[in-house]
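Peer 1: Just one file: run.txt, with compact mmCIF, N, CA and C atoms.
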# COMPACT_ATOMS: atom_id res chain seq x y z
N THR A 202 14.11 -28.85 51.30
CA THR A 202 14.30 -29.95 52.23
C THR A 202 13.25 -31.03 51.97
N THR A 203 13.59 -32.27 52.26
CA THR A 203 12.65 -33.37 52.07
C THR A 203 11.96 -33.76 53.37
N LEU A 204 12.37 -33.14 54.49
CA LEU A 204 11.72 -33.37 55.77
C LEU A 204 11.63 -32.05 56.53
N THR A 205 10.76 -31.98 57.51
CA THR A 205 10.58 -30.74 58.25
C THR A 205 11.77 -30.49 59.16
N LEU A 206 12.33 -29.28 59.06
CA LEU A 206 13.50 -28.89 59.84
C LEU A 206 13.26 -27.54 60.51
N ASP A 207 13.90 -27.32 61.64
CA ASP A 207 13.96 -26.00 62.26
C ASP A 207 15.31 -25.41 61.89
N ILE A 208 15.33 -24.10 61.65
CA ILE A 208 16.58 -23.42 61.34
C ILE A 208 16.70 -22.19 62.24
N ALA A 209 17.84 -22.08 62.90
CA ALA A 209 18.14 -20.92 63.75
C ALA A 209 19.16 -20.07 63.01
N TYR A 210 18.87 -18.80 62.87
CA TYR A 210 19.78 -17.86 62.21
C TYR A 210 20.57 -17.13 63.30
N LEU A 211 21.91 -17.17 63.21
CA LEU A 211 22.80 -16.65 64.24
C LEU A 211 23.59 -15.44 63.74
N ASN A 212 23.82 -14.48 64.64
CA ASN A 212 24.70 -13.36 64.28
C ASN A 212 26.16 -13.78 64.53
N GLU A 213 27.09 -12.86 64.33
CA GLU A 213 28.52 -13.20 64.46
C GLU A 213 28.91 -13.62 65.87
N SER A 214 28.11 -13.25 66.87
CA SER A 214 28.40 -13.63 68.25
C SER A 214 27.72 -14.93 68.65
N GLY A 215 26.99 -15.55 67.71
CA GLY A 215 26.29 -16.80 68.00
C GLY A 215 24.92 -16.61 68.63
N ILE A 216 24.43 -15.35 68.66
CA ILE A 216 23.11 -15.07 69.22
C ILE A 216 22.03 -15.39 68.18
N ILE A 217 21.01 -16.12 68.61
CA ILE A 217 19.91 -16.48 67.70
C ILE A 217 19.03 -15.25 67.47
N GLY A 218 18.89 -14.89 66.20
CA GLY A 218 18.05 -13.75 65.83
C GLY A 218 16.66 -14.16 65.42
N SER A 219 16.52 -15.36 64.88
CA SER A 219 15.21 -15.89 64.52
C SER A 219 15.29 -17.39 64.36
N VAL A 220 14.15 -18.03 64.53
CA VAL A 220 14.03 -19.48 64.32
C VAL A 220 12.86 -19.67 63.38
N ARG A 221 13.06 -20.45 62.34
CA ARG A 221 12.01 -20.73 61.36
C ARG A 221 11.86 -22.24 61.20
N THR A 222 10.67 -22.67 60.78
CA THR A 222 10.44 -24.08 60.47
C THR A 222 10.34 -24.22 58.96
N MET A 223 11.14 -25.08 58.38
CA MET A 223 11.14 -25.33 56.94
C MET A 223 10.33 -26.59 56.67
N GLU A 224 9.32 -26.45 55.84
CA GLU A 224 8.48 -27.58 55.47
C GLU A 224 9.03 -28.27 54.22
N PRO A 225 8.77 -29.56 54.08
CA PRO A 225 9.23 -30.28 52.89
C PRO A 225 8.62 -29.69 51.62
N CYS A 226 9.36 -29.82 50.54
CA CYS A 226 8.88 -29.37 49.24
C CYS A 226 8.82 -30.57 48.30
N ALA A 227 7.64 -30.82 47.77
CA ALA A 227 7.44 -31.99 46.90
C ALA A 227 7.79 -31.71 45.44
N SER A 228 8.05 -30.47 45.12
CA SER A 228 8.32 -30.11 43.73
C SER A 228 9.69 -30.61 43.29
N SER A 229 9.77 -31.02 42.05
CA SER A 229 11.06 -31.43 41.49
C SER A 229 11.84 -30.21 40.99
N ARG A 230 11.19 -29.04 41.01
CA ARG A 230 11.83 -27.80 40.58
C ARG A 230 12.11 -26.93 41.81
N PRO A 231 13.36 -26.74 42.18
CA PRO A 231 13.69 -25.93 43.35
C PRO A 231 13.06 -24.54 43.34
N SER A 232 12.87 -23.97 42.16
CA SER A 232 12.29 -22.63 42.08
C SER A 232 10.83 -22.61 42.54
N ASN A 233 10.20 -23.77 42.62
CA ASN A 233 8.81 -23.85 43.09
C ASN A 233 8.71 -24.04 44.59
N CYS A 234 9.84 -24.23 45.26
CA CYS A 234 9.85 -24.47 46.70
C CYS A 234 9.91 -23.13 47.45
N PRO A 235 9.32 -23.09 48.64
CA PRO A 235 9.34 -21.83 49.40
C PRO A 235 10.74 -21.51 49.91
N SER A 236 10.97 -20.23 50.16
CA SER A 236 12.21 -19.82 50.81
C SER A 236 11.87 -19.41 52.24
N TYR A 237 12.86 -19.38 53.07
CA TYR A 237 12.66 -19.08 54.49
C TYR A 237 13.62 -17.98 54.92
N PRO A 238 13.31 -16.73 54.55
CA PRO A 238 14.20 -15.63 54.93
C PRO A 238 14.29 -15.48 56.45
N ALA A 239 15.46 -15.11 56.92
CA ALA A 239 15.70 -14.98 58.36
C ALA A 239 14.92 -13.83 58.97
N GLY A 240 14.78 -12.74 58.23
CA GLY A 240 14.13 -11.56 58.78
C GLY A 240 15.05 -10.75 59.68
N VAL A 241 16.29 -11.20 59.82
CA VAL A 241 17.31 -10.50 60.61
C VAL A 241 18.65 -10.66 59.89
N VAL A 242 19.60 -9.79 60.22
CA VAL A 242 20.96 -9.97 59.69
C VAL A 242 21.57 -11.18 60.39
N PHE A 243 22.20 -12.06 59.62
CA PHE A 243 22.79 -13.26 60.23
C PHE A 243 24.09 -13.62 59.52
N SER A 244 24.94 -14.38 60.21
CA SER A 244 26.20 -14.81 59.62
C SER A 244 26.28 -16.33 59.45
N SER A 245 25.40 -17.05 60.16
CA SER A 245 25.37 -18.51 60.01
C SER A 245 23.98 -19.02 60.40
N ALA A 246 23.76 -20.27 60.09
CA ALA A 246 22.47 -20.90 60.40
C ALA A 246 22.72 -22.33 60.84
N VAL A 247 21.85 -22.80 61.73
CA VAL A 247 21.94 -24.17 62.23
C VAL A 247 20.60 -24.84 61.97
N GLU A 248 20.62 -25.99 61.31
CA GLU A 248 19.41 -26.76 61.03
C GLU A 248 19.33 -27.94 61.97
N MET A 249 18.16 -28.13 62.56
CA MET A 249 17.92 -29.26 63.47
C MET A 249 16.58 -29.88 63.12
N SER A 250 16.29 -31.04 63.69
CA SER A 250 15.01 -31.69 63.42
C SER A 250 13.86 -30.84 63.95
N ASP A 251 12.71 -31.01 63.33
CA ASP A 251 11.51 -30.25 63.66
C ASP A 251 11.21 -30.29 65.16
N GLY A 252 11.07 -29.11 65.77
CA GLY A 252 10.72 -29.03 67.18
C GLY A 252 11.90 -29.02 68.13
N PHE A 253 13.12 -29.19 67.62
CA PHE A 253 14.30 -29.27 68.49
C PHE A 253 14.46 -28.06 69.39
N PHE A 254 14.39 -26.88 68.80
CA PHE A 254 14.64 -25.66 69.58
C PHE A 254 13.57 -25.47 70.66
N ALA A 255 12.31 -25.63 70.32
CA ALA A 255 11.22 -25.47 71.31
C ALA A 255 11.31 -26.53 72.40
N THR A 256 11.55 -27.77 72.02
CA THR A 256 11.65 -28.86 72.99
C THR A 256 12.76 -28.63 73.99
N ASN A 257 13.84 -28.00 73.54
CA ASN A 257 15.00 -27.78 74.40
C ASN A 257 15.05 -26.37 74.99
N GLY A 258 13.96 -25.62 74.84
CA GLY A 258 13.88 -24.30 75.43
C GLY A 258 14.87 -23.31 74.85
N ILE A 259 15.21 -23.48 73.57
CA ILE A 259 16.17 -22.61 72.89
C ILE A 259 15.40 -21.68 71.98
N GLY A 260 15.71 -20.38 72.05
CA GLY A 260 14.97 -19.43 71.22
C GLY A 260 15.74 -18.16 70.95
N VAL A 261 15.04 -17.19 70.38
CA VAL A 261 15.62 -15.90 70.03
C VAL A 261 16.27 -15.28 71.27
N GLY A 262 17.49 -14.79 71.08
CA GLY A 262 18.24 -14.17 72.16
C GLY A 262 19.21 -15.12 72.85
N ASP A 263 19.01 -16.42 72.68
CA ASP A 263 19.94 -17.40 73.25
C ASP A 263 21.22 -17.42 72.41
N ARG A 264 22.31 -17.82 73.02
CA ARG A 264 23.60 -17.90 72.33
C ARG A 264 24.00 -19.36 72.17
N MET A 265 24.44 -19.71 70.96
CA MET A 265 24.91 -21.06 70.70
C MET A 265 26.44 -21.06 70.72
N ALA A 266 27.00 -21.94 71.53
CA ALA A 266 28.44 -22.08 71.63
C ALA A 266 28.89 -23.24 70.75
N THR A 267 30.10 -23.14 70.22
CA THR A 267 30.64 -24.20 69.37
C THR A 267 32.09 -24.49 69.75
N GLY A 268 32.58 -25.63 69.35
CA GLY A 268 33.98 -25.98 69.53
C GLY A 268 34.45 -25.91 70.96
N GLU A 269 35.57 -25.25 71.19
CA GLU A 269 36.19 -25.14 72.51
C GLU A 269 35.26 -24.47 73.53
N GLU A 270 34.39 -23.58 73.07
CA GLU A 270 33.47 -22.90 73.99
C GLU A 270 32.60 -23.89 74.75
N CYS A 271 32.27 -25.00 74.13
CA CYS A 271 31.40 -26.00 74.75
C CYS A 271 32.10 -26.76 75.87
N ARG A 272 33.38 -26.74 75.90
CA ARG A 272 34.14 -27.51 76.90
C ARG A 272 34.43 -26.71 78.16
N ARG A 273 34.10 -25.42 78.15
CA ARG A 273 34.39 -24.56 79.30
C ARG A 273 33.34 -24.69 80.37
Please re-express this file's structure in structure tokens.
Peer 2:
Amino acid sequence: TTLTLDIAYLNESGIIGSVRTMEPCASSRPSNCPSYPAGVVFSSAVEMSDGFFATNGIGVGDRMATGEECRR
């Protein structure tokens, strides 16, 4: 990434298993950039701007709804 991002790793039910902060990588070689393993089994990930999850009180154990679920 070229800017700092937060990433939430979600299981199949949309429950957040971990949140990590990804720092920018200045290297022109991707193999020199750090990786950010989830540390949990996950099926999807959501990237947001740095600090988004903490600022909005979102963390491990919370469930993220998408699509029609958000309209209920």
Peer 1: Which of these residues is nearest to Ala227 of chain A, using all atoms listed in the file: A:Gly240, A:Thr203, A:Glu269, A:Ser250?
Peer 2: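 For Ala227 of chain A, the nearest of the given residues is A:Thr203.
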Peer 1: Choose the residue, out of A:Val242, A:Ala266, A:Met249, A:Gly258, that has the smallest atom-to-atom separation from Asn212 of chain A; count all atoms listed in the file.
Peer 2: A:Val242
Peer 1: Which residues in chain A does DSSP call helix (DSSP H, G or I)? List them as a PyMOL selection string.
Peer 2: chain A and resi 231-233+253-256+268-272
Peer 1: Which one of A:Asp251, A:Gly268, A:Thr256, A:Tyr210 sits closest to Met223 of chain A if you count only C-alpha atoms?
Peer 2: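 Distance minimum relative to Met223 of chain A lands on A:Asp251.
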Peer 1: What is the atom CA of Phe243 of chain A to atom CA of Ile216 of chain A distance in Å?
Peer 2: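 So the two atoms, atom CA of Phe243 of chain A and atom CA of Ile216 of chain A, lie 9.2 Å apart.
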Peer 1: What residues in chain A get the DSSP label strand (DSSP E)? Please answer as a PDB file with N, CA and C atoms, in the frame of the given file.
Peer 2:
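Wrote it out as out29.pdb, contents follow:
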ATOM      1  N   LEU A 206      12.330 -29.280  59.060  1.00  0.00           N
ATOM      2  CA  LEU A 206      13.500 -28.890  59.840  1.00  0.00           C
ATOM      3  C   LEU A 206      13.260 -27.540  60.510  1.00  0.00           C
ATOM      4  N   ASP A 207      13.900 -27.320  61.640  1.00  0.00           N
ATOM      5  CA  ASP A 207      13.960 -26.000  62.260  1.00  0.00           C
ATOM      6  C   ASP A 207      15.310 -25.410  61.890  1.00  0.00           C
ATOM      7  N   ILE A 208      15.330 -24.100  61.650  1.00  0.00           N
ATOM      8  CA  ILE A 208      16.580 -23.420  61.340  1.00  0.00           C
ATOM      9  C   ILE A 208      16.700 -22.190  62.240  1.00  0.00           C
ATOM     10  N   ALA A 209      17.840 -22.080  62.900  1.00  0.00           N
ATOM     11  CA  ALA A 209      18.140 -20.920  63.750  1.00  0.00           C
ATOM     12  C   ALA A 209      19.160 -20.070  63.010  1.00  0.00           C
ATOM     13  N   TYR A 210      18.870 -18.800  62.870  1.00  0.00           N
ATOM     14  CA  TYR A 210      19.780 -17.860  62.210  1.00  0.00           C
ATOM     15  C   TYR A 210      20.570 -17.130  63.300  1.00  0.00           C
ATOM     16  N   LEU A 211      21.910 -17.170  63.210  1.00  0.00           N
ATOM     17  CA  LEU A 211      22.800 -16.650  64.240  1.00  0.00           C
ATOM     18  C   LEU A 211      23.590 -15.440  63.740  1.00  0.00           C
ATOM     19  N   ILE A 217      21.010 -16.120  68.610  1.00  0.00           N
ATOM     20  CA  ILE A 217      19.910 -16.480  67.700  1.00  0.00           C
ATOM     21  C   ILE A 217      19.030 -15.250  67.470  1.00  0.00           C
ATOM     22  N   GLY A 218      18.890 -14.890  66.200  1.00  0.00           N
ATOM     23  CA  GLY A 218      18.050 -13.750  65.830  1.00  0.00           C
ATOM     24  C   GLY A 218      16.660 -14.160  65.420  1.00  0.00           C
ATOM     25  N   SER A 219      16.520 -15.360  64.880  1.00  0.00           N
ATOM     26  CA  SER A 219      15.210 -15.890  64.520  1.00  0.00           C
ATOM     27  C   SER A 219      15.290 -17.390  64.360  1.00  0.00           C
ATOM     28  N   VAL A 220      14.150 -18.030  64.530  1.00  0.00           N
ATOM     29  CA  VAL A 220      14.030 -19.480  64.320  1.00  0.00           C
ATOM     30  C   VAL A 220      12.860 -19.670  63.380  1.00  0.00           C
ATOM     31  N   ARG A 221      13.060 -20.450  62.340  1.00  0.00           N
ATOM     32  CA  ARG A 221      12.010 -20.730  61.360  1.00  0.00           C
ATOM     33  C   ARG A 221      11.860 -22.240  61.200  1.00  0.00           C
ATOM     34  N   THR A 222      10.670 -22.670  60.780  1.00  0.00           N
ATOM     35  CA  THR A 222      10.440 -24.080  60.470  1.00  0.00           C
ATOM     36  C   THR A 222      10.340 -24.220  58.960  1.00  0.00           C
ATOM     37  N   MET A 223      11.140 -25.080  58.380  1.00  0.00           N
ATOM     38  CA  MET A 223      11.140 -25.330  56.940  1.00  0.00           C
ATOM     39  C   MET A 223      10.330 -26.590  56.670  1.00  0.00           C
ATOM     40  N   SER A 245      25.400 -17.050  60.160  1.00  0.00           N
ATOM     41  CA  SER A 245      25.370 -18.510  60.010  1.00  0.00           C
ATOM     42  C   SER A 245      23.980 -19.020  60.400  1.00  0.00           C
ATOM     43  N   ALA A 246      23.760 -20.270  60.090  1.00  0.00           N
ATOM     44  CA  ALA A 246      22.470 -20.900  60.400  1.00  0.00           C
ATOM     45  C   ALA A 246      22.720 -22.330  60.840  1.00  0.00           C
ATOM     46  N   VAL A 247      21.850 -22.800  61.730  1.00  0.00           N
ATOM     47  CA  VAL A 247      21.940 -24.170  62.230  1.00  0.00           C
ATOM     48  C   VAL A 247      20.600 -24.840  61.970  1.00  0.00           C
ATOM     49  N   GLU A 248      20.620 -25.990  61.310  1.00  0.00           N
ATOM     50  CA  GLU A 248      19.410 -26.760  61.030  1.00  0.00           C
ATOM     51  C   GLU A 248      19.330 -27.940  61.970  1.00  0.00           C
ATOM     52  N   MET A 249      18.160 -28.130  62.560  1.00  0.00           N
ATOM     53  CA  MET A 249      17.920 -29.260  63.470  1.00  0.00           C
ATOM     54  C   MET A 249      16.580 -29.880  63.120  1.00  0.00           C
ATOM     55  N   SER A 250      16.290 -31.040  63.690  1.00  0.00           N
ATOM     56  CA  SER A 250      15.010 -31.690  63.420  1.00  0.00           C
ATOM     57  C   SER A 250      13.860 -30.840  63.950  1.00  0.00           C
TER      58      SER A 250
END
Peer 1: Point out the residue among A:Ala239, A:Met265, A:Leu204, A:Ala255 with the least atom-to-atom distance to Ser219 of chain A, counting all atoms listed in the file.
Peer 2: A:Ala239
Peer 1: For Cys234 of chain A, please output as a ChimeraX atom specification all residues within 8 Å (counting only N, CA and C atoms; exclusion window: fewer than 5 positions along the same chain).
Peer 2: /A:202,225-229
Peer 1: Could the centre and edge lengths of an axis-aligned box, enclosing all atoms of segment 242-258 of chain A in the file with 8 Å extra on each side, be given in Å to one decimal as lines of an AutoDock Vina configuration file?
Peer 2:
center_x = 18.5
center_y = -20.7
center_z = 67.4
size_x = 31.6
size_y = 37.9
size_z = 32.0
Peer 1: Ranking A:Pro238, A:Arg264, A:Asn233, A:Asp207 by minimum distance to Arg221 of chain A and counting all atoms listed in the file, which one comes first?
Peer 2: A:Asp207
Peer 1: Expressed in Å to a single decimal, how great is the separation between atom C of Tyr237 of chain A and atom C of Asn257 of chain A?
Peer 2: 21.8 Å
Peer 1: Would you compute the distance between atom N of Glu248 of chain A and atom N of Pro231 of chain A? Give it in Å to one decimal.
Peer 2: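 Straight-line distance from atom N of Glu248 of chain A to atom N of Pro231 of chain A works out to 20.5 Å.
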Peer 1: Rank A:Gly252, A:Gly260, A:Thr205, A:Thr267 by their smallest atom-to-atom distance to Ile217 of chain A, using only N, CA and C atoms, and report the top residue only.
Peer 2: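 Among the listed residues, A:Gly260 lies closest to Ile217 of chain A.
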Peer 1: Could you add N, CA, C and O atoms to segment 240-254 of chain A and give me the result as a PDB file, keeping the file's coordinate frame?
Peer 2:
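File out-v4.pdb, as written:
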ATOM      1  N   GLY A 240      14.780 -12.740  58.230  1.00  0.00           N
ATOM      2  CA  GLY A 240      14.130 -11.560  58.780  1.00  0.00           C
ATOM      3  C   GLY A 240      15.050 -10.750  59.680  1.00  0.00           C
ATOM      4  O   GLY A 240      14.641  -9.750  60.247  1.00  0.00           O
ATOM      5  N   VAL A 241      16.290 -11.200  59.820  1.00  0.00           N
ATOM      6  CA  VAL A 241      17.310 -10.500  60.610  1.00  0.00           C
ATOM      7  C   VAL A 241      18.650 -10.660  59.890  1.00  0.00           C
ATOM      8  O   VAL A 241      18.814 -11.557  59.066  1.00  0.00           O
ATOM      9  N   VAL A 242      19.600  -9.790  60.220  1.00  0.00           N
ATOM     10  CA  VAL A 242      20.960  -9.970  59.690  1.00  0.00           C
ATOM     11  C   VAL A 242      21.570 -11.180  60.390  1.00  0.00           C
ATOM     12  O   VAL A 242      21.443 -11.321  61.606  1.00  0.00           O
ATOM     13  N   PHE A 243      22.200 -12.060  59.620  1.00  0.00           N
ATOM     14  CA  PHE A 243      22.790 -13.260  60.230  1.00  0.00           C
ATOM     15  C   PHE A 243      24.090 -13.620  59.520  1.00  0.00           C
ATOM     16  O   PHE A 243      24.319 -13.227  58.384  1.00  0.00           O
ATOM     17  N   SER A 244      24.940 -14.380  60.210  1.00  0.00           N
ATOM     18  CA  SER A 244      26.200 -14.810  59.620  1.00  0.00           C
ATOM     19  C   SER A 244      26.280 -16.330  59.450  1.00  0.00           C
ATOM     20  O   SER A 244      27.119 -16.831  58.738  1.00  0.00           O
ATOM     21  N   SER A 245      25.400 -17.050  60.160  1.00  0.00           N
ATOM     22  CA  SER A 245      25.370 -18.510  60.010  1.00  0.00           C
ATOM     23  C   SER A 245      23.980 -19.020  60.400  1.00  0.00           C
ATOM     24  O   SER A 245      23.163 -18.284  60.954  1.00  0.00           O
ATOM     25  N   ALA A 246      23.760 -20.270  60.090  1.00  0.00           N
ATOM     26  CA  ALA A 246      22.470 -20.900  60.400  1.00  0.00           C
ATOM     27  C   ALA A 246      22.720 -22.330  60.840  1.00  0.00           C
ATOM     28  O   ALA A 246      23.674 -22.968  60.403  1.00  0.00           O
ATOM     29  N   VAL A 247      21.850 -22.800  61.730  1.00  0.00           N
ATOM     30  CA  VAL A 247      21.940 -24.170  62.230  1.00  0.00           C
ATOM     31  C   VAL A 247      20.600 -24.840  61.970  1.00  0.00           C
ATOM     32  O   VAL A 247      19.550 -24.315  62.351  1.00  0.00           O
ATOM     33  N   GLU A 248      20.620 -25.990  61.310  1.00  0.00           N
ATOM     34  CA  GLU A 248      19.410 -26.760  61.030  1.00  0.00           C
ATOM     35  C   GLU A 248      19.330 -27.940  61.970  1.00  0.00           C
ATOM     36  O   GLU A 248      20.316 -28.653  62.160  1.00  0.00           O
ATOM     37  N   MET A 249      18.160 -28.130  62.560  1.00  0.00           N
ATOM     38  CA  MET A 249      17.920 -29.260  63.470  1.00  0.00           C
ATOM     39  C   MET A 249      16.580 -29.880  63.120  1.00  0.00           C
ATOM     40  O   MET A 249      15.795 -29.309  62.372  1.00  0.00           O
ATOM     41  N   SER A 250      16.290 -31.040  63.690  1.00  0.00           N
ATOM     42  CA  SER A 250      15.010 -31.690  63.420  1.00  0.00           C
ATOM     43  C   SER A 250      13.860 -30.840  63.950  1.00  0.00           C
ATOM     44  O   SER A 250      14.024 -30.044  64.876  1.00  0.00           O
ATOM     45  N   ASP A 251      12.710 -31.010  63.330  1.00  0.00           N
ATOM     46  CA  ASP A 251      11.510 -30.250  63.660  1.00  0.00           C
ATOM     47  C   ASP A 251      11.210 -30.290  65.160  1.00  0.00           C
ATOM     48  O   ASP A 251      11.170 -31.350  65.764  1.00  0.00           O
ATOM     49  N   GLY A 252      11.070 -29.110  65.770  1.00  0.00           N
ATOM     50  CA  GLY A 252      10.720 -29.030  67.180  1.00  0.00           C
ATOM     51  C   GLY A 252      11.900 -29.020  68.130  1.00  0.00           C
ATOM     52  O   GLY A 252      11.724 -28.834  69.329  1.00  0.00           O
ATOM     53  N   PHE A 253      13.120 -29.190  67.620  1.00  0.00           N
ATOM     54  CA  PHE A 253      14.300 -29.270  68.490  1.00  0.00           C
ATOM     55  C   PHE A 253      14.460 -28.060  69.390  1.00  0.00           C
ATOM     56  O   PHE A 253      14.662 -28.183  70.588  1.00  0.00           O
ATOM     57  N   PHE A 254      14.390 -26.880  68.800  1.00  0.00           N
ATOM     58  CA  PHE A 254      14.640 -25.660  69.580  1.00  0.00           C
ATOM     59  C   PHE A 254      13.570 -25.470  70.660  1.00  0.00           C
ATOM     60  O   PHE A 254      13.895 -25.205  71.820  1.00  0.00           O
TER      61      PHE A 254
END
